[in-house]
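One file, data_32.cif, is given below (mmCIF, C-alpha atoms and all ligand atoms).
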data_structure
loop_
_atom_site.label_atom_id
_atom_site.label_comp_id
_atom_site.auth_asym_id
_atom_site.auth_seq_id
_atom_site.Cartn_x
_atom_site.Cartn_y
_atom_site.Cartn_z
CA MET A 8 95.42 -6.36 59.43
CA ASN A 9 96.25 -5.36 62.99
CA GLU A 10 97.08 -2.04 64.66
CA ILE A 11 100.60 -3.15 65.47
CA ASP A 12 101.43 -4.59 62.03
CA PHE A 13 103.28 -1.40 61.09
CA LEU A 14 105.56 -1.35 64.13
CA LYS A 15 109.01 -2.83 64.74
CA HIS A 16 111.17 -2.63 67.83
CA GLU A 17 114.91 -2.40 68.37
CA LYS A 18 116.75 -2.33 71.67
CA ILE A 19 119.68 0.07 71.63
CA SER A 20 120.57 -0.39 75.31
CA ASP A 21 118.72 -1.39 78.48
CA ARG A 22 117.37 2.12 78.91
CA PHE A 23 117.14 3.21 75.27
CA HIS A 24 114.89 1.65 72.62
CA VAL A 25 113.35 2.63 69.32
CA VAL A 26 110.03 1.63 67.78
CA ARG A 27 109.85 2.22 64.05
CA GLU A 28 106.57 2.63 62.18
CA SER A 29 106.30 2.26 58.42
CA PHE A 30 103.44 1.99 55.95
CA GLY A 31 105.29 0.79 52.89
CA HIS A 32 106.60 3.94 51.26
CA GLY A 33 110.08 3.46 52.64
CA VAL A 34 109.62 6.34 55.08
CA VAL A 35 110.18 5.24 58.65
CA PHE A 36 108.83 7.10 61.68
CA ASN A 37 111.08 6.68 64.70
CA VAL A 38 109.68 6.69 68.23
CA TYR A 39 112.43 6.68 70.88
CA ILE A 40 111.83 5.25 74.34
CA ILE A 41 114.08 6.21 77.24
CA ILE A 42 113.49 4.39 80.49
CA GLY A 43 114.26 6.15 83.77
CA ASP A 44 113.77 4.87 87.30
CA ASN A 45 110.74 7.11 87.84
CA LYS A 46 109.45 7.92 84.40
CA VAL A 47 109.58 6.85 80.76
CA ALA A 48 110.19 9.42 78.04
CA ILE A 49 108.70 8.78 74.62
CA ILE A 50 110.42 11.05 72.10
CA ASP A 51 107.97 11.61 69.22
CA SER A 52 104.90 9.50 68.58
CA SER A 53 104.66 8.92 64.82
CA ILE A 54 101.65 9.81 62.69
CA GLY A 55 98.85 8.40 64.83
CA ALA A 56 97.45 6.35 61.95
CA THR A 57 96.45 3.59 64.34
CA GLY A 58 96.07 3.42 68.11
CA GLY A 59 98.46 0.56 68.83
CA LEU A 60 101.67 2.43 69.70
CA ARG A 61 101.39 2.52 73.49
CA ARG A 62 100.14 -1.06 73.69
CA TYR A 63 103.07 -2.13 71.53
CA ILE A 64 105.57 -0.28 73.76
CA GLU A 65 104.03 -1.79 76.88
CA THR A 66 104.25 -5.26 75.35
CA HIS A 67 107.72 -5.10 73.83
CA VAL A 68 109.67 -2.44 75.73
CA THR A 69 108.33 -1.44 79.15
CA ASP A 70 105.06 -1.02 80.96
CA LYS A 71 106.52 1.38 83.51
CA ARG A 72 104.53 4.55 84.23
CA PRO A 73 104.14 7.40 83.83
CA MET A 74 104.95 7.64 80.15
CA ALA A 75 105.59 11.22 79.09
CA CYS A 76 105.68 12.08 75.41
CA TYR A 77 108.18 14.78 74.43
CA MET A 78 107.96 15.97 70.85
CA THR A 79 110.95 17.12 68.86
CA HIS A 80 108.51 19.28 66.89
CA GLY A 81 104.86 19.58 66.00
CA HIS A 82 104.68 18.07 62.53
CA LEU A 83 101.88 15.57 62.05
CA ASP A 84 104.22 12.60 61.69
CA HIS A 85 105.76 13.28 65.11
CA PHE A 86 102.88 13.92 67.44
CA GLY A 87 100.00 11.99 65.89
CA GLY A 88 100.07 9.43 68.71
CA ALA A 89 100.94 11.78 71.59
CA ILE A 90 97.52 11.61 73.23
CA LEU A 91 98.13 7.94 74.04
CA PHE A 92 100.59 8.95 76.75
CA ASP A 93 100.19 10.33 80.28
CA GLU A 94 101.84 13.71 79.66
CA VAL A 95 102.41 15.52 76.36
CA TYR A 96 105.17 18.11 75.88
CA LEU A 97 105.69 20.38 72.87
CA ASN A 98 107.60 23.63 72.52
CA HIS A 99 105.25 26.64 72.50
CA ARG A 100 106.72 27.94 69.21
CA GLU A 101 105.03 24.98 67.52
CA TYR A 102 101.56 25.70 68.93
CA PRO A 103 100.25 27.96 66.11
CA LYS A 104 100.51 25.14 63.55
CA VAL A 105 98.96 22.44 65.75
CA PRO A 106 95.44 22.66 64.24
CA TRP A 107 96.94 22.34 60.77
CA ASN A 108 99.02 19.34 61.79
CA LEU A 109 96.08 17.61 63.45
CA ASN A 110 93.73 18.31 60.54
CA VAL A 111 92.28 14.89 59.78
CA PRO A 112 91.82 15.15 55.98
CA ARG A 113 95.39 16.37 55.74
CA ARG A 114 96.73 13.55 57.93
CA LEU A 115 94.94 10.98 55.80
CA SER A 116 96.10 12.66 52.60
CA ASP A 117 99.74 12.48 53.74
CA LEU A 118 99.21 8.89 54.83
CA ASP A 119 98.13 8.09 51.28
CA VAL A 120 101.68 9.05 50.22
CA PHE A 121 103.34 7.12 53.04
CA ALA A 122 101.28 4.02 52.20
CA ASP A 123 101.97 4.24 48.46
CA GLY A 124 98.22 4.59 47.90
CA ASN A 125 97.63 1.08 49.30
CA LYS A 126 93.84 1.08 49.66
CA GLU A 127 93.73 -1.71 52.22
CA ILE A 128 96.10 0.16 54.55
CA LEU A 129 94.30 3.46 54.03
CA ASP A 130 90.88 2.00 54.74
CA PHE A 131 92.24 0.33 57.87
CA CYS A 132 93.82 3.54 59.13
CA LYS A 133 90.70 5.57 58.36
CA GLU A 134 88.90 3.33 60.83
CA HIS A 135 91.67 3.23 63.42
CA TYR A 136 93.42 6.61 63.36
CA ILE A 137 93.79 8.42 66.66
CA HIS A 138 91.33 11.21 67.40
CA ASN A 139 93.63 13.68 69.07
CA GLU A 140 92.09 17.03 68.23
CA ASN A 141 91.71 17.84 71.93
CA VAL A 142 95.19 16.94 73.08
CA SER A 143 96.47 19.35 75.74
CA TYR A 144 100.19 19.82 75.92
CA ARG A 145 102.73 21.37 78.22
CA ASP A 146 105.61 23.56 77.18
CA VAL A 147 109.17 22.23 77.02
CA ASP A 148 111.96 24.57 76.04
CA ASP A 149 115.62 25.14 75.36
CA GLY A 150 117.67 24.74 78.54
CA ASP A 151 115.22 22.43 80.31
CA ILE A 152 116.61 19.36 82.05
CA ILE A 153 114.37 16.31 82.05
CA ASP A 154 115.14 14.07 85.01
CA LEU A 155 113.66 10.60 84.51
CA GLY A 156 115.42 9.13 87.53
CA GLY A 157 118.89 7.84 86.74
CA VAL A 158 118.64 9.38 83.26
CA ARG A 159 118.90 13.08 82.43
CA LEU A 160 118.06 14.68 79.12
CA GLU A 161 119.18 18.19 78.21
CA VAL A 162 116.86 20.09 75.87
CA ILE A 163 118.59 22.06 73.12
CA MET A 164 116.69 24.03 70.49
CA LEU A 165 117.65 23.63 66.85
CA PRO A 166 115.11 25.58 64.75
CA GLY A 167 114.91 25.70 60.97
CA HIS A 168 112.97 22.61 59.94
CA SER A 169 110.31 24.07 62.23
CA PRO A 170 110.37 27.12 64.53
CA GLY A 171 110.57 25.31 67.88
CA LEU A 172 112.37 22.09 67.07
CA LEU A 173 114.00 20.59 70.16
CA THR A 174 116.76 18.04 70.46
CA TYR A 175 117.20 15.81 73.53
CA PHE A 176 120.77 15.18 74.64
CA ASN A 177 121.80 12.37 77.00
CA ARG A 178 125.24 13.52 78.06
CA ALA A 179 126.04 10.46 80.17
CA ASP A 180 125.36 8.03 77.33
CA ASN A 181 126.59 10.42 74.62
CA TYR A 182 123.64 10.43 72.27
CA VAL A 183 121.26 13.10 71.04
CA ILE A 184 117.85 12.77 69.40
CA VAL A 185 117.55 15.47 66.76
CA GLY A 186 114.14 14.92 65.13
CA ASP A 187 114.06 16.15 61.55
CA SER A 188 116.66 18.88 62.01
CA LEU A 189 119.63 16.80 60.85
CA MET A 190 118.97 13.98 58.39
CA LYS A 191 120.95 12.65 55.45
CA THR A 192 117.74 12.39 53.43
CA ASN A 193 114.73 14.63 53.19
CA ALA A 194 116.07 17.59 55.17
CA GLY A 195 113.26 20.07 54.61
CA TYR A 196 114.00 23.66 55.60
CA THR A 197 111.38 25.11 53.25
CA ARG A 198 109.53 26.75 56.12
CA CYS A 199 112.67 28.18 57.69
CA ASP A 200 111.71 31.73 58.65
CA ASP A 201 115.15 32.95 59.57
CA MET A 202 118.08 30.94 58.25
CA PRO A 203 120.81 33.16 59.75
CA LYS A 204 119.20 32.62 63.16
CA SER A 205 118.96 28.87 62.51
CA LEU A 206 122.64 28.87 61.60
CA GLU A 207 123.46 30.56 64.94
CA TYR A 208 121.60 27.81 66.77
CA LEU A 209 123.37 25.15 64.70
CA ASN A 210 126.76 26.65 65.54
CA ARG A 211 125.83 26.65 69.21
CA PHE A 212 124.64 23.02 68.95
CA ILE A 213 127.93 21.97 67.35
CA ALA A 214 129.88 23.75 70.11
CA MET A 215 127.82 21.98 72.80
CA MET A 216 128.16 18.45 71.40
CA PRO A 217 131.07 16.11 72.07
CA GLY A 218 132.91 15.29 68.84
CA ASN A 219 131.91 11.63 69.04
CA VAL A 220 128.22 12.12 69.92
CA VAL A 221 125.79 9.70 68.23
CA MET A 222 122.83 11.39 66.56
CA TYR A 223 119.45 9.67 66.17
CA ASN A 224 116.90 11.34 63.91
CA GLY A 225 113.21 11.19 63.11
CA HIS A 226 113.17 9.03 59.98
CA GLU A 227 116.41 7.19 59.36
CA VAL A 228 117.53 3.82 60.66
CA GLU A 229 121.24 4.62 60.62
CA THR A 230 122.70 7.01 63.16
CA CYS A 231 124.77 10.02 62.11
CA SER A 232 127.90 11.65 63.47
CA ILE A 233 128.42 15.34 64.15
CA ASP A 234 129.93 15.57 60.63
CA LEU A 235 126.38 15.87 59.36
CA ALA A 236 125.86 19.01 61.43
CA HIS A 237 128.98 20.51 59.83
CA THR A 238 127.58 19.62 56.39
CA PHE A 239 124.36 21.46 57.25
CA LYS A 240 126.36 24.43 58.47
CA THR A 241 128.07 24.64 55.06
CA SER A 242 124.72 24.24 53.33
CA MET A 243 123.09 27.06 55.28
CA GLU A 244 126.10 29.33 54.71
CA ASP A 245 125.85 28.64 50.95
CA ILE A 246 122.11 29.30 50.82
CA ILE A 247 122.36 32.52 52.84
CA ALA A 248 125.21 33.76 50.65
CA GLY A 249 123.36 32.84 47.45
CA ARG A 250 125.86 30.19 46.32
CA THR A 251 122.93 28.31 44.85
CA GLN A 252 123.39 28.56 41.07
CA ASN A 253 123.41 24.81 40.55
CA ASP A 254 120.45 24.00 42.77
CA LEU A 255 117.54 22.00 41.41
CA PRO A 256 113.81 22.17 42.12
CA SER A 257 112.70 20.04 45.03
CA PRO A 258 109.49 18.12 44.38
CA ALA A 259 106.67 18.52 46.87
CA TRP A 260 105.50 15.14 48.13
CA PHE A 261 102.15 16.14 49.50
CA SER A 262 99.11 17.55 47.74
CA TYR A 263 97.36 18.89 50.83
CA ARG A 264 99.05 22.19 51.52
CA LEU A 265 98.64 25.46 53.35
CA PRO A 266 97.93 28.38 50.97
CA GLU A 267 101.27 29.99 51.89
CA ASP A 268 103.09 26.74 51.09
CA SER A 269 101.78 26.71 47.52
CA LYS A 270 103.64 29.99 46.91
CA MET A 271 106.97 28.45 47.86
CA LYS A 272 109.73 27.95 45.36
CA ARG A 273 111.16 24.70 46.64
CA MET A 274 114.80 24.16 45.73
CA VAL A 275 117.36 21.75 47.06
CA HIS A 276 120.98 22.60 47.82
CA TYR A 277 123.51 19.78 47.93
CA VAL A 278 126.73 19.59 49.90
CA GLY A 279 128.23 16.25 48.97
CA ASN A 280 125.21 13.99 48.65
CA VAL A 281 123.25 15.61 51.47
CA GLY A 282 120.43 17.84 50.26
CA MET A 283 118.70 20.68 52.08
CA ALA A 284 115.35 21.80 50.69
CA TYR A 285 114.61 25.51 51.09
CA ASP A 286 112.29 28.18 49.80
CA ALA A 287 114.13 30.16 47.10
CA ASN A 288 111.59 32.95 47.47
CA ARG A 289 113.30 33.67 50.77
CA TYR A 290 116.88 32.69 50.03
CA GLY A 291 119.18 31.86 47.18
CA CYS A 292 118.66 32.38 43.48
CA ARG A 293 115.51 32.42 41.41
CA PRO A 294 116.46 30.79 38.12
CA GLU A 295 113.11 31.37 36.44
CA GLY A 296 113.52 35.13 36.74
CA GLY A 297 116.91 35.09 35.06
CA ARG A 298 118.29 37.33 37.78
CA SER A 299 121.66 36.99 39.35
CA CYS A 300 121.85 34.93 42.47
CA SER A 301 121.89 37.10 45.53
CA ARG A 302 120.49 37.02 48.97
CA GLU A 303 116.88 38.12 49.01
CA ASN A 304 114.99 38.12 52.25
ZN ZN B 401 109.10 17.39 60.47
#

Show me the file's structure as structure tokens.
Ligand SMILES: [Zn+2]
Amino acid sequence: MNEIDFLKHEKISDRFHVVRESFGHGVVFNVYIIIGDNKVAIIDSSIGATGGLRRYIETHVTDKRPMACYMTHGHLDHFGGAILFDEVYLNHREYPKVPWNLNVPRRLSDLDVFADGNKEILDFCKEHYIHNENVSYRDVDDGDIIDLGGVRLEVIMLPGHSPGLLTYFNRADNYVIVGDSLMKTNAGYTRCDDMPKSLEYLNRFIAMMPGNVVMYNGHEVETCSIDLAHTFKTSMEDIIAGRTQNDLPSPAWFSYRLPEDSKMKRMVHYVGNVGMAYDANRYGCRPEGGRSCSREN
């Protein structure tokens, strides 16, 4: 077993590549590489289960420097490998949960799920995971423009999946990297503190995007169109209004949880075949209480 066994590379265009990491569960972790004349942007850095990501990028994509890692958000499966790069950027709203997301027993516990409990992979990653507890990061925020030299990225906040989730929009090439905010599968908004506010940001995002923009997300191989953002808009409107009578419980994948997470009532709301997981203790109905469905927050 080798540190780069879990990585695959795909060239999207000369300046835009993706490296996908997977440990067997079917979940893919996308790392996007955008090559400017003066700087390379790495958007997200996977789970940091092994230390081979930068070496792999330098071998298969580009060895240009500096390489700056910009996170869409601070979940453990997005900035586990960030310390491998020359600069690390994360929105300040994500900082409070950084220690939790870098907690090593928790990272390894989640990896157990991603690797389908494969003992060989787990033992390998226990030896090779990235020690990044002392990573220092710089703030990046809504409205920032990242100039890589010949490539510009506009930073647009889209909170809900996490409080400071950022998307990176390349207007010239008409694509946007949206992290986990807009996915056809596994769209977790269980920790959404303020869904009406998230809906405002989503409406603004939709207004800012060209109708034919191509959306790349954190875990899927296929791209999505802006239609998915409209589906999420409908979903949020339903959840806020309590149109959730037919929703089903959403299973929790991971056993290692924050105390406040164990109090959640995870439900999933479907619009078409796209599900949005949310905490019914904050929004929507509470079927076990037999009460009518109304907004409670
Ligand atoms: Zn996430």

request  = Please identify every polymer residue within 8 Å of ligand ZN 401 (chain B), using all atoms listed in the file, and present the set as a list in words.
outcome  = His80, Gly81, His82, Leu83, Asp84, His85, His168, Ser169, Gly186, Asp187, Ser188, Gly195 and Gly225 of chain A

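Between Tyr77 of chain A and the candidates A:Arg211, A:His276, A:Lys270, A:Arg145, the tightest atom-to-atom separation, counting only C-alpha atoms, involves A:Arg145.
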
ask   = Nearest to Val105 of chain A among A:Glu140, A:Glu134, A:Asp201, A:Leu118, with distances taken over all atoms listed in the file: which residue is it?
value = A:Glu140

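In this structure, atom CA of Val278 of chain A sits 28.1 Å away from atom CA of Asp51 of chain A.
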
message = Using all atoms listed in the file - which residues lie no farther than 9 Å from the point (116.0, 5.1, 67.2) in the file's frame? Write them as an MDAnalysis selection string.
response = chainID A and resid 17:19 23:27 37:40 184 223:230

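Proximity ranking of A:Asn210, A:Asn125, A:Asn110, A:Asn98 relative to Gly150 of chain A places A:Asn98 first, based on only C-alpha atoms.
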
request  = Just the residues within 12 Å of Lys240 of chain A, please, counting all atoms listed in the file, with nothing from its chain fewer than 5 positions along; format it as an MDAnalysis selection string.
outcome  = chainID A and resid 167 188:189 202:213 233:235 245:247 277:278 281 283

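The smallest atom-to-atom distance between Ser143 of chain A and any of A:Leu129, A:Val158, A:Leu97, A:Val68, using all atoms listed in the file, is found for A:Leu97.
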
message = Report as an MDAnalysis selection string all protein, DNA and RNA residues lying within 12 Å of Met271 of chain A, evaluated on all atoms listed in the file, omitting residues in the same chain fewer than 6 positions from it.
response = chainID A and resid 196:199 256:259 264:265 284:290 293

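Using only C-alpha atoms, the nearest neighbour of Thr192 of chain A within the list A:Asn280, A:Ser52, A:Thr79, A:Thr69 is A:Asn280.
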
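Using all atoms listed in the file, the smallest distance between any of A:Ser232, A:Ser242, A:Ser262, A:Thr251 and Val183 of chain A comes from A:Ser232.
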
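The gap separating atom CA of Leu91 of chain A from atom CA of Pro170 of chain A is 24.7 Å, in Å to one decimal.
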
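Counting from atom CA of Asn219 of chain A, the distance to atom CA of Ala236 of chain A is 12.2 Å.
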
task = Using all atoms listed in the file, find all polymer residues with an atom at most 12 Å away from the point (101.8, -0.3, 73.1); report them as an MDAnalysis selection string.
result = chainID A and resid 10:12 14:16 26 38 40 49 52 57:71 74 88 91:92

What does the file look like for those residues with C-alpha atoms, as a compact mmCIF listing (two decimals), in the coordinates of the input?
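Final file, out_32.txt:
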# COMPACT_ATOMS: atom_id res chain seq x y z
CA GLU A 10 97.08 -2.04 64.66
CA ILE A 11 100.60 -3.15 65.47
CA ASP A 12 101.43 -4.59 62.03
CA LEU A 14 105.56 -1.35 64.13
CA LYS A 15 109.01 -2.83 64.74
CA HIS A 16 111.17 -2.63 67.83
CA VAL A 26 110.03 1.63 67.78
CA VAL A 38 109.68 6.69 68.23
CA ILE A 40 111.83 5.25 74.34
CA ILE A 49 108.70 8.78 74.62
CA SER A 52 104.90 9.50 68.58
CA THR A 57 96.45 3.59 64.34
CA GLY A 58 96.07 3.42 68.11
CA GLY A 59 98.46 0.56 68.83
CA LEU A 60 101.67 2.43 69.70
CA ARG A 61 101.39 2.52 73.49
CA ARG A 62 100.14 -1.06 73.69
CA TYR A 63 103.07 -2.13 71.53
CA ILE A 64 105.57 -0.28 73.76
CA GLU A 65 104.03 -1.79 76.88
CA THR A 66 104.25 -5.26 75.35
CA HIS A 67 107.72 -5.10 73.83
CA VAL A 68 109.67 -2.44 75.73
CA THR A 69 108.33 -1.44 79.15
CA ASP A 70 105.06 -1.02 80.96
CA LYS A 71 106.52 1.38 83.51
CA MET A 74 104.95 7.64 80.15
CA GLY A 88 100.07 9.43 68.71
CA LEU A 91 98.13 7.94 74.04
CA PHE A 92 100.59 8.95 76.75
